[in-house]
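The data block below is upload.txt; it holds compact mmCIF, C-alpha atoms and all ligand atoms.
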# COMPACT_ATOMS: atom_id res chain seq x y z
CA MET F 1 0.00 0.00 0.00
CA LYS F 2 1.16 3.57 -0.76
CA PRO F 3 3.22 4.85 2.17
CA VAL F 4 2.57 8.09 4.07
CA LYS F 5 5.50 10.28 3.04
CA VAL F 6 7.01 12.36 5.81
CA GLY F 7 9.65 15.08 5.77
CA ILE F 8 11.53 15.89 8.99
CA ALA F 9 12.94 19.41 9.29
CA GLY F 10 15.58 19.51 12.03
CA LEU F 11 17.78 16.66 13.19
CA GLY F 12 18.60 17.71 16.75
CA THR F 13 17.61 15.84 19.91
CA VAL F 14 13.92 15.45 19.00
CA GLY F 15 14.56 15.01 15.25
CA SER F 16 16.93 12.11 15.80
CA GLY F 17 14.57 10.59 18.38
CA THR F 18 11.74 10.80 15.83
CA VAL F 19 13.82 9.05 13.15
CA ASN F 20 14.76 6.30 15.61
CA VAL F 21 11.20 5.68 16.82
CA LEU F 22 9.78 5.70 13.27
CA GLN F 23 12.45 3.23 12.14
CA ARG F 24 12.40 0.95 15.19
CA ASN F 25 8.60 0.66 15.39
CA ALA F 26 7.94 0.84 11.64
CA GLN F 27 6.02 -2.45 11.47
CA GLU F 28 3.83 -1.75 14.46
CA ILE F 29 3.11 1.78 13.23
CA ALA F 30 2.15 0.45 9.77
CA ARG F 31 -0.26 -1.97 11.47
CA ARG F 32 -1.83 0.95 13.33
CA ILE F 33 -2.28 3.18 10.25
CA GLY F 34 -2.97 0.50 7.66
CA ARG F 35 0.00 1.61 5.58
CA PRO F 36 3.68 2.28 6.20
CA ILE F 37 5.32 5.61 6.98
CA GLU F 38 8.31 6.53 4.87
CA ILE F 39 10.79 9.20 5.94
CA ALA F 40 11.19 10.62 2.45
CA HIS F 41 13.18 13.80 3.09
CA ILE F 42 15.22 15.27 5.94
CA GLY F 43 16.14 18.92 6.33
CA ALA F 44 19.38 19.31 8.27
CA ARG F 45 22.65 21.15 7.90
CA ARG F 46 24.64 18.26 9.33
CA PRO F 47 24.07 14.58 10.21
CA ASN F 48 23.36 13.57 13.80
CA PRO F 49 25.29 10.47 14.93
CA ALA F 50 22.36 9.61 17.22
CA CYS F 51 20.39 8.29 14.21
CA ASN F 52 20.94 6.51 10.92
CA ILE F 53 19.62 8.33 7.85
CA ASP F 54 21.35 6.26 5.16
CA GLY F 55 19.36 6.21 1.95
CA ILE F 56 17.12 9.16 2.92
CA ARG F 57 17.18 12.32 0.82
CA VAL F 58 18.76 15.17 2.83
CA SER F 59 18.56 18.92 2.09
CA ALA F 60 20.49 21.59 3.94
CA ASP F 61 17.71 24.05 3.08
CA VAL F 62 14.58 23.09 5.06
CA PHE F 63 12.39 25.00 2.57
CA GLU F 64 13.16 22.22 0.06
CA LEU F 65 10.90 20.05 2.21
CA ALA F 66 8.08 22.58 2.20
CA ARG F 67 8.12 22.53 -1.60
CA ASP F 68 8.69 18.78 -2.06
CA PRO F 69 5.62 17.50 -3.96
CA GLU F 70 6.26 13.98 -2.65
CA LEU F 71 5.58 14.82 0.99
CA ASP F 72 2.22 14.42 2.73
CA ILE F 73 3.39 15.66 6.14
CA LEU F 74 6.11 18.07 7.20
CA VAL F 75 7.45 17.59 10.73
CA GLU F 76 8.88 20.88 12.00
CA LEU F 77 11.58 20.29 14.62
CA ILE F 78 13.91 23.21 14.03
CA GLY F 79 12.53 25.31 16.92
CA GLY F 80 12.37 29.10 17.21
CA THR F 81 9.64 31.27 15.80
CA THR F 82 11.15 33.00 12.77
CA THR F 83 12.33 30.43 10.22
CA ALA F 84 9.99 27.84 11.75
CA ARG F 85 6.96 30.10 11.15
CA GLU F 86 7.95 30.79 7.57
CA LEU F 87 8.66 27.11 6.97
CA VAL F 88 5.31 25.99 8.36
CA LEU F 89 3.36 28.64 6.40
CA THR F 90 5.22 27.73 3.20
CA ALA F 91 4.53 24.03 3.72
CA ILE F 92 0.84 24.79 4.35
CA GLU F 93 0.75 26.83 1.14
CA HIS F 94 2.06 23.75 -0.63
CA GLY F 95 -0.71 21.61 0.87
CA LYS F 96 1.32 19.74 3.49
CA HIS F 97 -0.06 18.69 6.85
CA ILE F 98 2.10 19.88 9.74
CA VAL F 99 3.39 18.20 12.87
CA THR F 100 5.40 20.35 15.25
CA ALA F 101 6.88 20.14 18.74
CA ASN F 102 7.30 23.91 18.80
CA LYS F 103 5.36 25.40 21.73
CA ALA F 104 6.61 28.96 21.15
CA LEU F 105 5.48 28.80 17.53
CA ILE F 106 2.00 27.55 18.38
CA ALA F 107 1.51 29.77 21.45
CA GLU F 108 2.64 32.95 19.67
CA HIS F 109 1.60 32.35 16.04
CA GLY F 110 -0.88 29.47 16.26
CA ASN F 111 -4.00 31.57 15.54
CA ALA F 112 -2.56 32.75 12.21
CA ILE F 113 -1.12 29.32 11.35
CA PHE F 114 -4.50 27.66 11.95
CA ARG F 115 -6.27 30.23 9.77
CA ALA F 116 -3.84 29.54 6.93
CA ALA F 117 -4.16 25.77 7.41
CA HIS F 118 -7.96 25.96 7.50
CA GLU F 119 -8.03 27.91 4.22
CA ARG F 120 -5.76 25.31 2.60
CA GLY F 121 -7.70 22.39 4.16
CA VAL F 122 -4.71 20.88 5.97
CA ASP F 123 -4.11 19.83 9.55
CA VAL F 124 -1.67 21.07 12.18
CA ALA F 125 -0.84 18.73 15.07
CA PHE F 126 1.32 19.73 18.03
CA GLU F 127 0.99 17.13 20.79
CA ALA F 128 4.73 17.23 21.53
CA SER F 129 4.61 20.95 22.23
CA VAL F 130 3.21 20.44 25.75
CA ALA F 131 4.59 18.08 28.40
CA GLY F 132 6.76 16.05 26.00
CA GLY F 133 5.58 12.44 25.91
CA ILE F 134 2.39 12.89 27.94
CA PRO F 135 -0.53 12.82 25.45
CA ILE F 136 -2.13 15.72 27.29
CA LEU F 137 -3.55 17.64 24.31
CA LYS F 138 -5.34 14.56 23.00
CA ALA F 139 -6.56 13.85 26.54
CA LEU F 140 -7.99 17.37 26.86
CA GLY F 141 -9.34 17.79 23.33
CA GLU F 142 -10.65 14.25 22.81
CA GLY F 143 -10.58 11.99 25.87
CA LEU F 144 -12.17 14.64 28.12
CA ALA F 145 -14.24 16.32 25.39
CA ALA F 146 -17.49 15.54 27.25
CA ASN F 147 -16.50 17.77 30.16
CA HIS F 148 -16.74 21.38 31.11
CA ILE F 149 -13.13 21.83 32.21
CA LYS F 150 -12.89 23.73 35.50
CA TRP F 151 -9.14 24.02 35.83
CA VAL F 152 -5.82 22.69 34.66
CA ALA F 153 -2.69 22.82 36.82
CA GLY F 154 0.60 21.33 35.84
CA ILE F 155 4.31 20.96 36.27
CA ILE F 156 5.06 21.61 32.62
CA ASN F 157 8.72 22.56 32.66
CA GLY F 158 11.06 19.68 33.42
CA THR F 159 14.14 21.84 33.89
CA GLY F 160 12.48 23.99 36.55
CA ASN F 161 11.14 20.92 38.35
CA PHE F 162 14.57 19.29 38.23
CA ILE F 163 16.16 22.40 39.77
CA LEU F 164 13.57 22.69 42.58
CA THR F 165 13.82 18.96 43.34
CA GLU F 166 17.63 18.99 43.54
CA MET F 167 17.60 22.15 45.70
CA ARG F 168 15.11 20.57 48.11
CA ASP F 169 16.52 17.02 48.29
CA LYS F 170 20.25 17.67 48.03
CA GLY F 171 20.56 21.29 49.07
CA ARG F 172 22.25 21.98 45.73
CA ASP F 173 22.86 25.42 44.34
CA PHE F 174 20.45 26.82 41.70
CA ALA F 175 23.11 27.68 39.08
CA GLU F 176 24.91 24.35 39.39
CA VAL F 177 21.69 22.33 38.87
CA LEU F 178 20.73 24.48 35.88
CA LYS F 179 24.09 23.68 34.26
CA GLU F 180 23.43 19.98 34.74
CA ALA F 181 19.95 20.30 33.16
CA GLN F 182 21.55 21.99 30.15
CA ALA F 183 24.17 19.23 29.84
CA LEU F 184 21.41 16.59 29.98
CA GLY F 185 19.59 18.30 27.08
CA TYR F 186 16.46 19.25 29.08
CA ALA F 187 16.87 23.02 29.03
CA GLU F 188 15.77 25.35 26.23
CA ALA F 189 18.42 26.94 23.99
CA ASP F 190 17.96 30.01 26.19
CA PRO F 191 17.58 28.54 29.71
CA THR F 192 15.93 31.72 31.01
CA PHE F 193 12.87 30.42 29.12
CA ASP F 194 12.84 27.54 31.63
CA VAL F 195 13.69 29.34 34.87
CA GLU F 196 11.68 32.49 34.20
CA GLY F 197 8.56 30.54 33.22
CA ILE F 198 8.33 31.53 29.54
CA ASP F 199 8.49 27.92 28.34
CA ALA F 200 5.73 26.99 30.81
CA ALA F 201 3.69 30.04 29.72
CA HIS F 202 3.87 28.87 26.09
CA LYS F 203 2.61 25.45 27.14
CA LEU F 204 -0.10 26.87 29.42
CA THR F 205 -1.37 29.07 26.58
CA ILE F 206 -1.93 25.95 24.48
CA LEU F 207 -3.47 23.92 27.32
CA ALA F 208 -5.91 26.73 28.18
CA SER F 209 -7.09 27.13 24.60
CA ILE F 210 -7.86 23.44 24.30
CA ALA F 211 -9.42 23.31 27.78
CA PHE F 212 -11.75 26.30 27.35
CA GLY F 213 -12.02 26.88 23.60
CA ILE F 214 -10.42 30.34 23.76
CA PRO F 215 -7.96 31.75 21.21
CA LEU F 216 -4.25 31.41 22.00
CA GLN F 217 -3.31 34.42 24.16
CA PHE F 218 0.31 34.03 25.22
CA SER F 219 0.77 37.74 25.97
CA LYS F 220 -1.92 37.56 28.67
CA VAL F 221 -0.27 34.84 30.77
CA TYR F 222 1.05 36.14 34.09
CA THR F 223 4.56 34.71 34.33
CA GLU F 224 6.91 34.48 37.28
CA GLY F 225 10.04 32.30 37.41
CA ILE F 226 11.83 30.31 40.10
CA SER F 227 15.12 32.19 40.18
CA ARG F 228 14.31 34.00 43.44
CA ILE F 229 13.38 30.84 45.38
CA THR F 230 15.92 30.16 48.12
CA ALA F 231 16.80 27.14 50.24
CA GLU F 232 15.25 29.09 53.15
CA ASP F 233 11.86 29.21 51.36
CA ILE F 234 11.99 25.50 50.54
CA LYS F 235 12.66 24.70 54.23
CA ALA F 236 9.99 27.10 55.51
CA ALA F 237 7.39 25.67 53.09
CA ASP F 238 8.27 22.19 54.32
CA TYR F 239 7.80 23.33 57.94
CA PHE F 240 4.21 24.35 57.13
CA GLY F 241 3.51 21.05 55.28
CA TYR F 242 4.00 22.29 51.72
CA CYS F 243 6.46 21.91 48.88
CA ILE F 244 7.26 24.50 46.24
CA LYS F 245 6.47 23.61 42.62
CA HIS F 246 6.57 25.79 39.53
CA LEU F 247 3.01 25.46 38.23
CA GLY F 248 1.09 26.57 35.19
CA ILE F 249 -2.52 27.19 36.21
CA ALA F 250 -5.51 27.85 33.96
CA LYS F 251 -8.82 28.27 35.73
CA ASP F 252 -12.34 29.07 34.55
CA THR F 253 -13.62 31.30 37.39
CA GLY F 254 -17.01 31.97 35.82
CA ASN F 255 -16.02 35.64 35.33
CA GLY F 256 -13.03 34.94 33.13
CA VAL F 257 -9.99 32.76 32.81
CA GLU F 258 -6.96 32.89 35.07
CA LEU F 259 -3.74 32.14 33.17
CA ARG F 260 -0.71 32.12 35.42
CA VAL F 261 2.70 30.53 35.78
CA HIS F 262 4.46 30.99 39.11
CA PRO F 263 6.14 29.16 41.98
CA THR F 264 3.36 27.68 44.10
CA LEU F 265 3.14 26.12 47.54
CA ILE F 266 1.13 22.91 47.31
CA PRO F 267 0.35 20.52 50.20
CA LYS F 268 2.95 17.76 50.46
CA GLU F 269 0.25 15.07 50.33
CA VAL F 270 -1.21 15.96 46.90
CA LEU F 271 0.06 13.74 44.08
CA LEU F 272 1.61 16.64 42.13
CA ALA F 273 3.95 17.22 45.09
CA SER F 274 5.53 13.81 44.41
CA VAL F 275 6.40 14.67 40.80
CA ASN F 276 10.13 15.07 40.97
CA GLY F 277 13.17 15.64 38.78
CA VAL F 278 12.57 16.29 35.11
CA MET F 279 9.15 14.63 35.12
CA ASN F 280 6.01 16.57 34.17
CA ALA F 281 2.43 16.09 35.38
CA VAL F 282 -0.82 17.81 34.57
CA MET F 283 -3.98 17.75 36.70
CA ILE F 284 -7.29 18.44 34.99
CA ASP F 285 -10.56 18.89 36.82
CA GLY F 286 -13.61 18.26 34.65
CA ASP F 287 -17.24 18.54 35.80
CA ALA F 288 -18.10 14.99 34.75
CA VAL F 289 -14.85 13.12 35.31
CA GLY F 290 -13.62 14.94 38.44
CA PRO F 291 -9.89 15.31 39.03
CA THR F 292 -7.49 13.47 36.71
CA LEU F 293 -3.71 13.34 36.68
CA PHE F 294 -1.39 12.71 33.74
CA TYR F 295 2.28 11.98 34.43
CA GLY F 296 5.35 11.31 32.30
CA ALA F 297 8.58 12.57 30.81
CA GLY F 298 8.24 16.18 29.69
CA ALA F 299 11.45 16.39 27.70
CA GLY F 300 14.09 14.23 26.06
CA ALA F 301 14.58 12.71 22.63
CA GLU F 302 12.32 9.66 22.61
CA PRO F 303 9.59 10.82 25.03
CA THR F 304 9.08 13.88 22.81
CA ALA F 305 9.38 11.72 19.68
CA SER F 306 6.62 9.51 21.11
CA ALA F 307 4.24 12.48 20.84
CA VAL F 308 5.59 13.62 17.44
CA VAL F 309 5.14 10.15 15.94
CA ALA F 310 1.65 9.82 17.46
CA ASP F 311 0.69 12.99 15.56
CA VAL F 312 2.21 11.62 12.36
CA ILE F 313 0.15 8.45 12.85
CA GLU F 314 -3.03 10.43 13.51
CA LEU F 315 -2.55 12.54 10.39
CA GLY F 316 -1.51 9.47 8.38
CA ARG F 317 -4.79 7.79 9.29
CA ALA F 318 -6.80 10.89 8.37
CA LEU F 319 -5.12 11.79 5.06
CA THR F 320 -8.21 10.84 3.12
CA VAL F 321 -10.69 12.33 5.58
CA ASP F 322 -12.26 15.69 4.70
CA HIS F 323 -10.60 18.51 6.67
CA ASP F 324 -13.88 19.65 8.29
CA GLU F 325 -14.45 16.19 9.73
CA ARG F 326 -11.15 16.05 11.59
CA VAL F 327 -10.65 17.13 15.22
CA PRO F 328 -10.40 20.97 15.18
CA TYR F 329 -6.94 22.39 15.83
CA LEU F 330 -7.82 23.58 19.34
CA GLY F 331 -10.49 20.96 20.02
CA PHE F 332 -13.33 23.48 19.48
CA HIS F 333 -14.63 24.63 16.09
CA ALA F 334 -13.01 27.87 14.92
CA ASP F 335 -16.41 29.59 14.64
CA ALA F 336 -17.39 28.50 18.16
CA MET F 337 -14.48 29.94 20.13
CA SER F 338 -15.29 31.67 23.42
CA GLU F 339 -14.54 35.33 24.05
CA MET F 340 -14.22 34.75 27.79
CA PRO F 341 -11.75 37.39 29.05
CA VAL F 342 -8.38 36.54 30.56
CA LEU F 343 -8.24 38.01 34.07
CA GLY F 344 -5.35 40.20 35.20
CA ILE F 345 -3.25 38.90 38.09
CA ASP F 346 -4.70 41.57 40.42
CA GLU F 347 -8.09 39.86 40.09
CA VAL F 348 -6.81 36.43 41.17
CA GLU F 349 -7.67 35.21 44.66
CA CYS F 350 -5.50 32.79 46.61
CA SER F 351 -3.64 32.20 49.87
CA PHE F 352 -0.09 33.43 50.24
CA TYR F 353 3.25 32.50 51.78
CA ILE F 354 5.18 35.60 52.82
CA ARG F 355 8.83 35.54 53.95
CA LEU F 356 10.74 38.59 55.08
CA HIS F 357 13.72 39.58 57.22
CA VAL F 358 13.23 42.25 59.86
CA GLN F 359 15.22 44.04 62.52
CA ASP F 360 14.72 42.53 65.96
CA ARG F 361 12.90 45.37 67.68
CA THR F 362 9.65 45.92 69.54
CA GLY F 363 6.55 46.59 67.49
CA VAL F 364 7.78 45.35 64.09
CA LEU F 365 5.43 42.39 63.95
CA ALA F 366 2.59 44.57 65.24
CA ASP F 367 3.19 47.00 62.34
CA ILE F 368 3.17 44.16 59.82
CA THR F 369 0.03 42.50 61.15
CA ARG F 370 -1.75 45.88 61.36
CA ILE F 371 -1.05 46.56 57.66
CA LEU F 372 -2.30 43.07 56.76
CA SER F 373 -5.42 43.46 58.86
CA ASP F 374 -6.17 46.91 57.36
CA LYS F 375 -6.22 45.22 53.94
CA GLY F 376 -8.55 42.47 55.19
CA ILE F 377 -5.79 39.85 55.10
CA SER F 378 -6.14 37.14 57.72
CA ILE F 379 -3.07 35.24 58.95
CA GLU F 380 -3.41 31.46 59.06
CA ALA F 381 -0.01 30.56 60.49
CA MET F 382 3.22 32.29 61.32
CA TYR F 383 6.73 31.67 62.60
CA GLN F 384 9.60 33.83 63.62
CA LYS F 385 12.99 32.17 63.87
CA ASP F 386 15.23 32.72 66.86
CA VAL F 387 18.57 34.24 65.83
CA ASP F 388 21.65 35.76 67.50
CA ASP F 389 21.48 39.36 68.69
CA ASN F 390 21.63 41.99 65.91
CA GLU F 391 21.00 39.36 63.21
CA PRO F 392 18.05 39.95 60.84
CA VAL F 393 15.06 37.91 61.99
CA PRO F 394 13.33 35.72 59.39
CA VAL F 395 9.54 35.91 59.63
CA VAL F 396 7.26 33.62 57.63
CA LEU F 397 3.49 34.07 57.35
CA MET F 398 0.78 31.99 55.72
CA THR F 399 -2.43 33.85 54.93
CA HIS F 400 -6.01 32.91 54.18
CA ARG F 401 -7.40 33.57 50.69
CA ILE F 402 -7.31 37.17 49.57
CA ARG F 403 -7.42 39.09 46.31
CA GLU F 404 -3.97 39.62 44.78
CA SER F 405 -4.41 43.41 44.58
CA ALA F 406 -4.94 43.62 48.38
CA MET F 407 -1.84 41.55 48.99
CA ARG F 408 0.23 43.64 46.57
CA GLU F 409 -0.82 46.87 48.30
CA ALA F 410 -0.10 45.42 51.76
CA LEU F 411 3.36 44.23 50.69
CA GLU F 412 4.18 47.66 49.26
CA GLN F 413 3.41 49.20 52.66
CA ILE F 414 5.29 46.49 54.57
CA ALA F 415 8.34 46.89 52.30
CA ALA F 416 8.37 50.62 53.16
CA LEU F 417 8.71 49.91 56.93
CA GLU F 418 12.16 50.87 58.16
CA ALA F 419 12.60 47.60 60.05
CA VAL F 420 11.98 45.45 56.97
CA LEU F 421 15.42 44.68 55.62
CA ASP F 422 15.26 43.19 52.15
CA ASP F 423 13.04 42.07 49.29
CA ILE F 424 9.94 40.29 50.53
CA MET F 425 9.27 36.84 49.10
CA ARG F 426 5.63 36.23 48.20
CA ILE F 427 4.57 32.81 46.91
CA ARG F 428 0.99 31.87 46.06
CA VAL F 429 -0.54 28.79 47.69
CA GLU F 430 -2.90 26.34 45.96
CA THR F 431 -4.52 23.34 47.62
CA LEU F 432 -5.62 21.82 44.26
CA ASP F 433 -8.93 20.65 45.69
CA ALA F 434 -11.29 19.32 43.07
N1 LIG F 501 12.94 22.90 28.31
C1 LIG F 501 11.75 22.13 28.35
C2 LIG F 501 11.61 21.54 29.75
C3 LIG F 501 11.82 21.03 27.32
O1 LIG F 501 12.57 21.60 30.52
O2 LIG F 501 10.54 21.08 30.08
C4 LIG F 501 10.49 20.48 26.93
O3 LIG F 501 9.61 21.44 26.43
Go ahead and render the structure in this file as structure tokens.
Amino acid sequence: MKPVKVGIAGLGTVGSGTVNVLQRNAQEIARRIGRPIEIAHIGARRPNPACNIDGIRVSADVFELARDPELDILVELIGGTTTARELVLTAIEHGKHIVTANKALIAEHGNAIFRAAHERGVDVAFEASVAGGIPILKALGEGLAANHIKWVAGIINGTGNFILTEMRDKGRDFAEVLKEAQALGYAEADPTFDVEGIDAAHKLTILASIAFGIPLQFSKVYTEGISRITAEDIKAADYFGYCIKHLGIAKDTGNGVELRVHPTLIPKEVLLASVNGVMNAVMIDGDAVGPTLFYGAGAGAEPTASAVVADVIELGRALTVDHDERVPYLGFHADAMSEMPVLGIDEVECSFYIRLHVQDRTGVLADITRILSDKGISIEAMYQKDVDDNEPVPVVLMTHRIRESAMREALEQIAALEAVLDDIMRIRVETLDA
């Protein structure tokens, strides 16, 4: 039977993993589709010793693939948003279906790419763009399609989770662990994307669109990284029964959607708290199904290739199906997207962990608690550590739920107190109750 002809643009970590999985599992994949997949063309400037591409046509110019009349599907694995965007749009123009692992491309340019693909009647699949090998987009858009999704919360950046885990378990230094994550191939080309939450914000943008049927709105995600988290915060969180995770949270509040990426205190006993190292996990709460949890490798050559190849298989099966009968790009029909607003961070309500260092003198705590009480902020728990004379005193507070704007105003006033010595750490708390 006529094979599905695939072109792979980019032969880095994920590209070589994709070649290896397609070759190793060729027979099983052919049994799943009903016809074989042929890697007909590779776009790469240089070979990658991690895979064998003997006998496959190779072009240094990836645009050769976009114009290759032989290809049914173009797999974009070059990354970035400039050449990748042009490549994908050119391939669409030439009638190719697209598979991509590129979260930045989809989060920032997906709306325009989908419009172009819809006009040309081709598909765009991007399972590998979120949480690596976890089939989370198919779970949200298909497996849970019966549900009204209430919220999604996930550890969706492996590098950040690896850093927080190593800091907590081994007391290791932030910069040293980041270097190791880079050497292991987990980190983005620019690792600030990992530690400052941009990578997670790209992924959350995509998750939220598929969860709620809203357009991709990357610029509206509130994003805070993990670079300010200290060993002191990790220990203090532990004291109160929490661990610190870098979460992406998308919530339908009824008045709008919260889209936020930030370090979060979660109770030690919830399952997400046990997701360690480079692993990812996503919790989804649906009105019919209740809470669900999806766990797996969020990065790496073959876990990501697992998702890329699954998309190739899905498109291979559907090559003869009319475009309008396929699953819509974002799981909801383009003409049925919701205009639900994305809420600003000031409108979010949650509990807070506050850590500060103060001078050891009478009345300091009274000043702090007065400011909190004036803003309607109720303290749930508190500790003040005993230190030597003249040393700054660490104070840690846990609050009840309060609107972010009230907390921001209170912290501005507290920071202005003469006895408060340095930057105040504020971390949001989520109990993840379904
Ligand atoms: N840098 C990403 C991570 C890779 O660490 O999760 C997968 O998107």
* Asked: What gap, in Å, lies between atom CA of F:Ile39 and atom CA of F:Val88?
  ->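 The value is 17.8 Å.
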Environment of ligand LIG 501 (chain F) within 6 Å, counting only C-alpha atoms and all ligand atoms, reported as a PDB file with C-alpha atoms, in the frame of the given file:
ATOM      1  CA  GLY F 132       6.760  16.050  26.000  1.00  0.00           C
ATOM      2  CA  ASN F 157       8.720  22.560  32.660  1.00  0.00           C
ATOM      3  CA  GLY F 158      11.060  19.680  33.420  1.00  0.00           C
ATOM      4  CA  THR F 159      14.140  21.840  33.890  1.00  0.00           C
ATOM      5  CA  TYR F 186      16.460  19.250  29.080  1.00  0.00           C
ATOM      6  CA  ALA F 187      16.870  23.020  29.030  1.00  0.00           C
ATOM      7  CA  GLU F 188      15.770  25.350  26.230  1.00  0.00           C
ATOM      8  CA  ASP F 194      12.840  27.540  31.630  1.00  0.00           C
ATOM      9  CA  GLY F 298       8.240  16.180  29.690  1.00  0.00           C
ATOM     10  CA  ALA F 299      11.450  16.390  27.700  1.00  0.00           C
TER      11      ALA F 299
END
* Check the smallest atom-to-atom distance from each of F:Ile210, F:Asn52, F:Lys5, F:Glu28 to F:Gly331 using all atoms listed in the file, then report the winner. => F:Ile210
Identify, on the basis of all atoms listed in the file, every residue whose closest approach to F:Arg24 does not exceed 12 Å; exclude the query and any residue fewer than 4 positions from it along the same chain; express the result as a compact mmCIF listing (two decimals) with C-alpha atoms, in the frame of the given file.
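Done, and the output landed in out.txt:
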# COMPACT_ATOMS: atom_id res chain seq x y z
CA GLY F 17 14.57 10.59 18.38
CA THR F 18 11.74 10.80 15.83
CA VAL F 19 13.82 9.05 13.15
CA ASN F 20 14.76 6.30 15.61
CA GLU F 28 3.83 -1.75 14.46
CA ILE F 29 3.11 1.78 13.23
CA ALA F 30 2.15 0.45 9.77
CA ILE F 37 5.32 5.61 6.98
CA CYS F 51 20.39 8.29 14.21
CA ASN F 52 20.94 6.51 10.92
CA GLU F 302 12.32 9.66 22.61
CA SER F 306 6.62 9.51 21.11
CA VAL F 309 5.14 10.15 15.94
* To do: Fewer than 6 positions away in the same chain doesn't count, so skip those; otherwise give me all residues within 8 Å of stretch 407-409 of chain F, counting only C-alpha atoms, as an MDAnalysis selection string.
  => chainID F and resid 372 375 377
* **Residue neighbourhood F:Pro341, 8 Å, all atoms listed in the file, exclusion window fewer than 4 positions, as JSON, numbers by chain** => {"F": [255, 256, 257]}
* Excluding F:Gln359 and any residue of its chain fewer than 6 positions from it, enumerate the residues within 7 Å of it, using all atoms listed in the file, and give them as a list in words. => Pro392, Val393, Ala419, Val420 and Leu421 of chain F
* Asked: So, counting all atoms listed in the file, which residue among F:Gly121, F:Leu207, F:Asn25, F:Ile345 is closest to F:Leu140?
  -> F:Leu207
* Counting only C-alpha atoms, figure out which residue out of F:Ile155, F:Met337, F:Met167, F:Ile266 gets nearest to F:Ile234. =>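 Under the stated criterion, the closest residue is F:Met167.
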* May I ask for the distance between atom CA of F:Met1 and atom CA of F:Ala26, given in Å to one decimal place? => 14.1 Å
Please produce, as a Markdown table, a per-residue contact table for stretch 125-173 of chain F versus stretch 312-320 of chain F (criterion: any atom at most 12 Å away, all atoms listed in the file considered), showing the nearest atom pair and its distance in Å to one decimal, sorted by chain then residue number.
| residue | atom | partner | partner_atom | distance |
| --- | --- | --- | --- | --- |
| F:Ala125 | CA | F:Leu315 | CA | 7.9 |
| F:Phe126 | CA | F:Val312 | CA | 9.9 |
| F:Glu127 | CA | F:Val312 | CA | 10.1 |
| F:Ala128 | CA | F:Val312 | CA | 11.0 |
| F:Lys138 | CA | F:Glu314 | CA | 10.6 |
* atom CA of F:Glu339 to atom CA of F:Ala211, straight-line distance in Å ->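 These atoms are spaced 13.6 Å apart.
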* Asked: Which one of F:Tyr239, F:Asp335, F:Asp367, F:Ile414 sits closest to F:Ala381 if you count all atoms listed in the file?
  ->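 Ranking F:Tyr239, F:Asp335, F:Asp367, F:Ile414 by distance to F:Ala381, first place goes to F:Tyr239.
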* To do: Select, counting only C-alpha atoms, all protein, DNA and RNA residues no farther than 7 Å from (10.6, 34.1, 35.1) in file coordinates, and express the selection as a PyMOL selection string.
  => chain F and resi 195-198+223-226
* Asked: Which protein, DNA or RNA residues are at most 9 Å from (-8.7, 29.7, 45.5) in the file's coordinates when you count all atoms listed in the file, listed as number ranges by chain?
  -> F: 348-351, 401-402, 429-432
* To do: Choose the residue, out of F:Met425, F:Ala406, F:Ala415, F:Val278, that has the smallest atom-to-atom separation from F:Gly185; count all atoms listed in the file.
  => F:Val278
Counting only C-alpha atoms, what is within 12 Å of F:Val282, bar same-chain residues fewer than 4 positions away, as a compact mmCIF listing (two decimals) with C-alpha atoms, in the coordinates of the input?
# COMPACT_ATOMS: atom_id res chain seq x y z
CA VAL F 130 3.21 20.44 25.75
CA ALA F 131 4.59 18.08 28.40
CA GLY F 132 6.76 16.05 26.00
CA ILE F 134 2.39 12.89 27.94
CA PRO F 135 -0.53 12.82 25.45
CA ILE F 136 -2.13 15.72 27.29
CA LEU F 137 -3.55 17.64 24.31
CA ALA F 139 -6.56 13.85 26.54
CA LEU F 140 -7.99 17.37 26.86
CA TRP F 151 -9.14 24.02 35.83
CA VAL F 152 -5.82 22.69 34.66
CA ALA F 153 -2.69 22.82 36.82
CA GLY F 154 0.60 21.33 35.84
CA ILE F 155 4.31 20.96 36.27
CA ILE F 156 5.06 21.61 32.62
CA ASN F 157 8.72 22.56 32.66
CA ALA F 200 5.73 26.99 30.81
CA LYS F 203 2.61 25.45 27.14
CA LEU F 204 -0.10 26.87 29.42
CA LEU F 207 -3.47 23.92 27.32
CA HIS F 246 6.57 25.79 39.53
CA LEU F 247 3.01 25.46 38.23
CA GLY F 248 1.09 26.57 35.19
CA ILE F 249 -2.52 27.19 36.21
CA ALA F 250 -5.51 27.85 33.96
CA LEU F 271 0.06 13.74 44.08
CA LEU F 272 1.61 16.64 42.13
CA ALA F 273 3.95 17.22 45.09
CA VAL F 275 6.40 14.67 40.80
CA PRO F 291 -9.89 15.31 39.03
CA THR F 292 -7.49 13.47 36.71
CA LEU F 293 -3.71 13.34 36.68
CA PHE F 294 -1.39 12.71 33.74
CA TYR F 295 2.28 11.98 34.43
CA GLY F 296 5.35 11.31 32.30
CA ALA F 297 8.58 12.57 30.81
CA GLY F 298 8.24 16.18 29.69
CA LEU F 432 -5.62 21.82 44.26
* To do: Have a look at F:Ser274, F:Ile106, F:Gly241, F:Gly7 and name the one nearest to F:Ala201; count all atoms listed in the file.
  =>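 Ranked by minimum distance to F:Ala201, first place goes to F:Ile106.
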